[in-house]
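Trainee: Structure in C-alpha cells, see below.
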Amino acid sequence: QLPFFLGVRGNDCQGSKLKVFVYDTGNFSLGSLFCSAGQWGVEVALHRYFAASACRTLDPDEADFFLVPDYRACHYHMAPTFQQRGLTRIEGDDYHSVLIRNHKDKYRRGADADATFRKLLGELPFFKRRHGMDHIFIFSD
C-alpha cells in the first residue's frame with residue numbers, strides 16, 4: 001500500500017467521467033504517512049485516491065467537485081497533552097515527539113479548531129462560486 005499512500009500509483013476512477021479538482025492545501029495535509037494509519041487514514045486515502053486518479057482535473061472550470069485535503073483528525077489527535085509529558089525523549093522538550101518528524105509544525109490545538117477551519121475556507125478560491133456545495137471535506141473522527 002505504500003505506493004498508494006505516496007501517490008505514485010494511479011487509478012482509472014472506476015471508469016467514471018467525474019472530474020475532481022484537488023486543492024493543494026499545504027500544511028493542512030502534512031504527514032500523509034503518519035496520518036494514513038488508524039481511523040484517520042480515510043482522510044489520506046481519499047486524498048491520495050483522487051490525486052492519482054483519472055478523474056482528477058487541473059482545470060477548476062471543468063470540475064464537478066473540489067476535494068479539500070485536510071488531515072484535521074490526525075493533526076488534532078497528535079497534539080501533545082499533559083498525558084504525554086516526559087515520553088518524548090527530546091531533551092528540554094517534554095511534549096513534542098521525536099518519532100513524528102517536525103511534530104511542532106504538524107499538530108493543531110483543539111481550542112483553535114474553528115479559526116483554523118475558517119482560515120482554510122478563506123484559502124479556497126473556488127469555494128464561493130457555488131457556496132461550497134461542490135466542495136468535499138472529509139471528517140473521519
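Within each chain, counting starts at residue 1; across the C-alpha cells, chains are named A, B, ... in the order shown, with ligands numbered 1 upward in that order.
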Could the residues of range 16-86 of chain A that have an atom at most 7 Å from range 119-136 of chain A be listed as a Markdown table, each with its closest atom pair and the distance in Å to one decimal, counting only C-alpha atoms and ordered by chain and ascending residue number?

Mentor:
| residue | atom | partner | partner_atom | distance |
| --- | --- | --- | --- | --- |
| A:Asp64 | CA | A:Asp134 | CA | 6.9 |
| A:Phe65 | CA | A:Asp134 | CA | 4.9 |
| A:Phe66 | CA | A:His135 | CA | 4.6 |
| A:Leu67 | CA | A:Ile136 | CA | 4.8 |
| A:Val68 | CA | A:Ile136 | CA | 6.0 |

Trainee: Near Glu43 in chain A, within 7 Å and counting only C-alpha atoms, which residues show up once chain neighbours fewer than 5 positions away are dropped, as a ChimeraX atom specification?

Mentor: /A:71,138,140

Trainee: Hey, what's within 10 Å of Ser36 in chain A if we count only C-alpha atoms and toss same-chain stuff fewer than 3 positions away? As a ChimeraX atom specification, please?

Mentor: /A:2,5,31-33,39-45,71,74

Trainee: Write the residues of the preceding selection, restricted to N, CA, C and O atoms, as an mmCIF file, in the first residue's frame.

Mentor:
data_model
loop_
_atom_site.group_PDB
_atom_site.id
_atom_site.type_symbol
_atom_site.label_atom_id
_atom_site.label_comp_id
_atom_site.auth_asym_id
_atom_site.auth_seq_id
_atom_site.Cartn_x
_atom_site.Cartn_y
_atom_site.Cartn_z
ATOM 1 N N LEU A 2 2.130 1.150 0.257
ATOM 2 C CA LEU A 2 2.978 2.332 0.314
ATOM 3 C C LEU A 2 2.935 3.147 -0.975
ATOM 4 O O LEU A 2 2.794 4.370 -0.911
ATOM 5 N N PHE A 5 -0.166 5.366 -0.847
ATOM 6 C CA PHE A 5 -0.122 6.482 0.089
ATOM 7 C C PHE A 5 0.920 7.530 -0.285
ATOM 8 O O PHE A 5 0.831 8.667 0.128
ATOM 9 N N GLY A 31 1.970 15.176 6.655
ATOM 10 C CA GLY A 31 2.074 13.936 7.425
ATOM 11 C C GLY A 31 1.277 12.780 6.866
ATOM 12 O O GLY A 31 0.709 11.986 7.609
ATOM 13 N N SER A 32 1.241 12.630 5.552
ATOM 14 C CA SER A 32 0.391 11.597 4.955
ATOM 15 C C SER A 32 0.759 10.185 5.402
ATOM 16 O O SER A 32 -0.127 9.359 5.609
ATOM 17 N N LEU A 33 2.038 9.891 5.568
ATOM 18 C CA LEU A 33 2.392 8.533 6.007
ATOM 19 C C LEU A 33 1.961 8.284 7.444
ATOM 20 O O LEU A 33 1.355 7.266 7.756
ATOM 21 N N GLN A 39 -7.846 5.164 12.267
ATOM 22 C CA GLN A 39 -9.133 5.670 11.802
ATOM 23 C C GLN A 39 -9.001 6.942 10.974
ATOM 24 O O GLN A 39 -9.896 7.289 10.221
ATOM 25 N N TRP A 40 -7.899 7.666 11.099
ATOM 26 C CA TRP A 40 -7.730 8.889 10.331
ATOM 27 C C TRP A 40 -7.295 8.599 8.907
ATOM 28 O O TRP A 40 -7.254 9.496 8.079
ATOM 29 N N GLY A 41 -6.963 7.394 8.614
ATOM 30 C CA GLY A 41 -6.432 7.037 7.309
ATOM 31 C C GLY A 41 -7.336 7.387 6.152
ATOM 32 O O GLY A 41 -6.867 7.591 5.038
ATOM 33 N N VAL A 42 -8.636 7.472 6.389
ATOM 34 C CA VAL A 42 -9.560 7.788 5.295
ATOM 35 C C VAL A 42 -9.293 9.184 4.746
ATOM 36 O O VAL A 42 -9.453 9.426 3.550
ATOM 37 N N GLU A 43 -8.846 10.106 5.592
ATOM 38 C CA GLU A 43 -8.514 11.452 5.117
ATOM 39 C C GLU A 43 -7.394 11.390 4.086
ATOM 40 O O GLU A 43 -7.437 12.055 3.053
ATOM 41 N N VAL A 44 -6.401 10.579 4.368
ATOM 42 C CA VAL A 44 -5.260 10.421 3.462
ATOM 43 C C VAL A 44 -5.646 9.568 2.252
ATOM 44 O O VAL A 44 -5.301 9.896 1.118
ATOM 45 N N ALA A 45 -6.370 8.489 2.486
ATOM 46 C CA ALA A 45 -6.718 7.564 1.403
ATOM 47 C C ALA A 45 -7.513 8.257 0.297
ATOM 48 O O ALA A 45 -7.211 8.090 -0.890
ATOM 49 N N TYR A 71 -6.039 16.947 6.950
ATOM 50 C CA TYR A 71 -5.868 15.815 7.860
ATOM 51 C C TYR A 71 -6.175 16.246 9.294
ATOM 52 O O TYR A 71 -5.446 15.976 10.227
ATOM 53 N N CYS A 74 -6.261 13.671 12.408
ATOM 54 C CA CYS A 74 -4.904 13.245 12.751
ATOM 55 C C CYS A 74 -4.138 14.372 13.424
ATOM 56 O O CYS A 74 -3.511 14.178 14.460
#

Trainee: Go through range 101-132 of chain A and collect every residue that DSSP, computed from the backbone, puts in helix (DSSP H, G or I); the answer should be as a VMD selection string.

Mentor: chain A and resid 103 to 106 110 to 122 128 to 130

Trainee: Work out how far CA of Ala111 in chain A is from CA of Arg48 in chain A, in Å to one decimal.

Mentor: 28.4 Å
